[in-house]
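A.B. asks: My questions all concern the structure below.
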Amino acid sequence: MSVAVYELEQHIYIDVEDNGAGMSEETIAKIYDPFYTTKPVGEGTGMGMTMVYAIVHEHQGCIDIQSTEGMGTRISCVFPVQSQVRKTVTS
């Protein structure tokens, strides 16, 4: 597995890639559905990618999934670079 974080053209990219089993088109189409899981009954909640999707979109980002069965998966999260600097005020 590899993880890469980089900035390109005013966007921050987080890429996670593995050489595992990969996913079918059917699985990719359902991956963000709440409670969808490929794990056996009782072993998964099916909320992981649903939560990732919500968090990424809450920050004006997007997700791209590229997968080939038997060869692995690459998931890229892309976020716009924020032009304003946040300031924390303490009292």
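Chains: A, B, ... in order of the structure tokens. Residues: from 1 per chain. Ligands: from 1, in order shown.
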Write out as an MDAnalysis selection string all residues of chain A that backbone DSSP assigns to strand (DSSP E or B).

C.D. replies: chainID A and resid 2:8 11:18 62:68 72:80

A.B. asks: Which residues of stretch 13-63 of chain A come within 8 Å of stretch 3-6 of chain A, and what is each one's closest atom pair and distance in Å (one decimal), counting only C-alpha atoms, sorted by chain and residue number, as a Markdown table?

C.D. replies:
| residue | atom | partner | partner_atom | distance |
| --- | --- | --- | --- | --- |
| A:Tyr13 | CA | A:Tyr6 | CA | 5.3 |
| A:Ile14 | CA | A:Val5 | CA | 4.6 |
| A:Asp15 | CA | A:Ala4 | CA | 5.1 |
| A:Val16 | CA | A:Val3 | CA | 4.6 |
| A:Glu17 | CA | A:Val3 | CA | 6.5 |

A.B. asks: Please, which residues of stretch 1-87 of chain A, numbered as in this document, come out alpha helix (DSSP H) from DSSP, as a ChimeraX atom specification?

C.D. replies: /A:25-30,48-58

A.B. asks: Write to file, as a PDB file, in the first residue's frame, the residues of the selection just made, with N, CA and C atoms.

C.D. replies:
ATOM      1  N   GLU A  25     -17.140  -3.059 -10.834  1.00  0.00           N
ATOM      2  CA  GLU A  25     -17.913  -1.841 -11.130  1.00  0.00           C
ATOM      3  C   GLU A  25     -19.162  -1.786 -10.245  1.00  0.00           C
ATOM      4  N   GLU A  26     -19.757  -2.937  -9.980  1.00  0.00           N
ATOM      5  CA  GLU A  26     -20.947  -3.005  -9.117  1.00  0.00           C
ATOM      6  C   GLU A  26     -20.623  -2.530  -7.701  1.00  0.00           C
ATOM      7  N   THR A  27     -19.501  -2.965  -7.174  1.00  0.00           N
ATOM      8  CA  THR A  27     -19.087  -2.543  -5.838  1.00  0.00           C
ATOM      9  C   THR A  27     -18.802  -1.052  -5.811  1.00  0.00           C
ATOM     10  N   ILE A  28     -18.077  -0.549  -6.798  1.00  0.00           N
ATOM     11  CA  ILE A  28     -17.766   0.880  -6.852  1.00  0.00           C
ATOM     12  C   ILE A  28     -19.056   1.702  -6.908  1.00  0.00           C
ATOM     13  N   ALA A  29     -20.043   1.236  -7.650  1.00  0.00           N
ATOM     14  CA  ALA A  29     -21.310   1.962  -7.767  1.00  0.00           C
ATOM     15  C   ALA A  29     -22.056   2.047  -6.441  1.00  0.00           C
ATOM     16  N   LYS A  30     -21.822   1.110  -5.524  1.00  0.00           N
ATOM     17  CA  LYS A  30     -22.534   1.068  -4.247  1.00  0.00           C
ATOM     18  C   LYS A  30     -21.688   1.511  -3.054  1.00  0.00           C
ATOM     19  N   GLY A  48     -17.995   3.229   6.550  1.00  0.00           N
ATOM     20  CA  GLY A  48     -16.691   3.859   6.347  1.00  0.00           C
ATOM     21  C   GLY A  48     -16.649   4.809   5.169  1.00  0.00           C
ATOM     22  N   MET A  49     -16.952   4.345   3.979  1.00  0.00           N
ATOM     23  CA  MET A  49     -16.875   5.203   2.798  1.00  0.00           C
ATOM     24  C   MET A  49     -18.018   6.215   2.755  1.00  0.00           C
ATOM     25  N   THR A  50     -19.137   5.902   3.390  1.00  0.00           N
ATOM     26  CA  THR A  50     -20.224   6.874   3.499  1.00  0.00           C
ATOM     27  C   THR A  50     -19.742   8.081   4.292  1.00  0.00           C
ATOM     28  N   MET A  51     -19.031   7.829   5.376  1.00  0.00           N
ATOM     29  CA  MET A  51     -18.503   8.912   6.201  1.00  0.00           C
ATOM     30  C   MET A  51     -17.392   9.669   5.479  1.00  0.00           C
ATOM     31  N   VAL A  52     -16.520   8.960   4.793  1.00  0.00           N
ATOM     32  CA  VAL A  52     -15.452   9.612   4.033  1.00  0.00           C
ATOM     33  C   VAL A  52     -16.055  10.547   2.993  1.00  0.00           C
ATOM     34  N   TYR A  53     -17.057  10.074   2.270  1.00  0.00           N
ATOM     35  CA  TYR A  53     -17.722  10.878   1.245  1.00  0.00           C
ATOM     36  C   TYR A  53     -18.275  12.167   1.856  1.00  0.00           C
ATOM     37  N   ALA A  54     -18.969  12.054   2.990  1.00  0.00           N
ATOM     38  CA  ALA A  54     -19.564  13.220   3.638  1.00  0.00           C
ATOM     39  C   ALA A  54     -18.491  14.220   4.072  1.00  0.00           C
ATOM     40  N   ILE A  55     -17.415  13.732   4.664  1.00  0.00           N
ATOM     41  CA  ILE A  55     -16.347  14.616   5.144  1.00  0.00           C
ATOM     42  C   ILE A  55     -15.660  15.323   3.972  1.00  0.00           C
ATOM     43  N   VAL A  56     -15.345  14.583   2.928  1.00  0.00           N
ATOM     44  CA  VAL A  56     -14.667  15.171   1.768  1.00  0.00           C
ATOM     45  C   VAL A  56     -15.544  16.244   1.134  1.00  0.00           C
ATOM     46  N   HIS A  57     -16.818  15.956   0.930  1.00  0.00           N
ATOM     47  CA  HIS A  57     -17.703  16.928   0.302  1.00  0.00           C
ATOM     48  C   HIS A  57     -17.985  18.123   1.210  1.00  0.00           C
ATOM     49  N   GLU A  58     -17.980  17.919   2.509  1.00  0.00           N
ATOM     50  CA  GLU A  58     -18.151  19.023   3.448  1.00  0.00           C
ATOM     51  C   GLU A  58     -17.015  20.037   3.308  1.00  0.00           C
TER      52      GLU A  58
END

A.B. asks: Which is closer to A:Asp18 than all the others in A:Val41, A:Cys77, A:Ser2, A:Asp33, using only C-alpha atoms?

C.D. replies: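 For A:Asp18, the nearest of the candidates is A:Ser2.
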
A.B. asks: Which value, in Å to one decimal, gives the distance between atom CA of A:Lys39 and atom CA of A:Ala21?

C.D. replies: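 Here the two named atoms are 13.4 Å from each other.
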
A.B. asks: I want to know what sits within 8 Å of A:Phe79, based on only C-alpha atoms, with residues of the same chain fewer than 6 positions away left out; could you give that as a VMD selection string?

C.D. replies: chain A and resid 11 to 13 56 59 to 62

A.B. asks: Residues of the last selection are to be written out with N, CA and C atoms, as a JSON list (two decimals), in the first residue's frame.

C.D. replies:
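Output (result.json):
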[["chain", "number", "residue", "atom", "x", "y", "z"],
["A", 11, "HIS", "N", -4.80, 22.67, -5.59],
["A", 11, "HIS", "CA", -5.54, 21.56, -4.98],
["A", 11, "HIS", "C", -4.59, 20.69, -4.17],
["A", 12, "ILE", "N", -5.08, 20.14, -3.10],
["A", 12, "ILE", "CA", -4.34, 19.17, -2.30],
["A", 12, "ILE", "C", -4.88, 17.79, -2.65],
["A", 13, "TYR", "N", -3.99, 16.86, -2.96],
["A", 13, "TYR", "CA", -4.36, 15.49, -3.31],
["A", 13, "TYR", "C", -3.91, 14.54, -2.22],
["A", 56, "VAL", "N", -15.35, 14.58, 2.93],
["A", 56, "VAL", "CA", -14.67, 15.17, 1.77],
["A", 56, "VAL", "C", -15.54, 16.24, 1.13],
["A", 59, "HIS", "N", -15.86, 19.58, 2.87],
["A", 59, "HIS", "CA", -14.70, 20.44, 2.68],
["A", 59, "HIS", "C", -14.49, 20.80, 1.20],
["A", 60, "GLN", "N", -15.57, 20.76, 0.42],
["A", 60, "GLN", "CA", -15.58, 21.12, -1.00],
["A", 60, "GLN", "C", -14.62, 20.28, -1.84],
["A", 61, "GLY", "N", -14.42, 19.04, -1.42],
["A", 61, "GLY", "CA", -13.53, 18.14, -2.15],
["A", 61, "GLY", "C", -14.30, 17.13, -2.98],
["A", 62, "CYS", "N", -13.56, 16.26, -3.63],
["A", 62, "CYS", "CA", -14.17, 15.18, -4.40],
["A", 62, "CYS", "C", -13.31, 13.93, -4.27]]

A.B. asks: Distance atom CA of A:Glu7-atom CA of A:Pro80, one decimal place?

C.D. replies: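 Computing it gives 9.4 Å between the two atoms.
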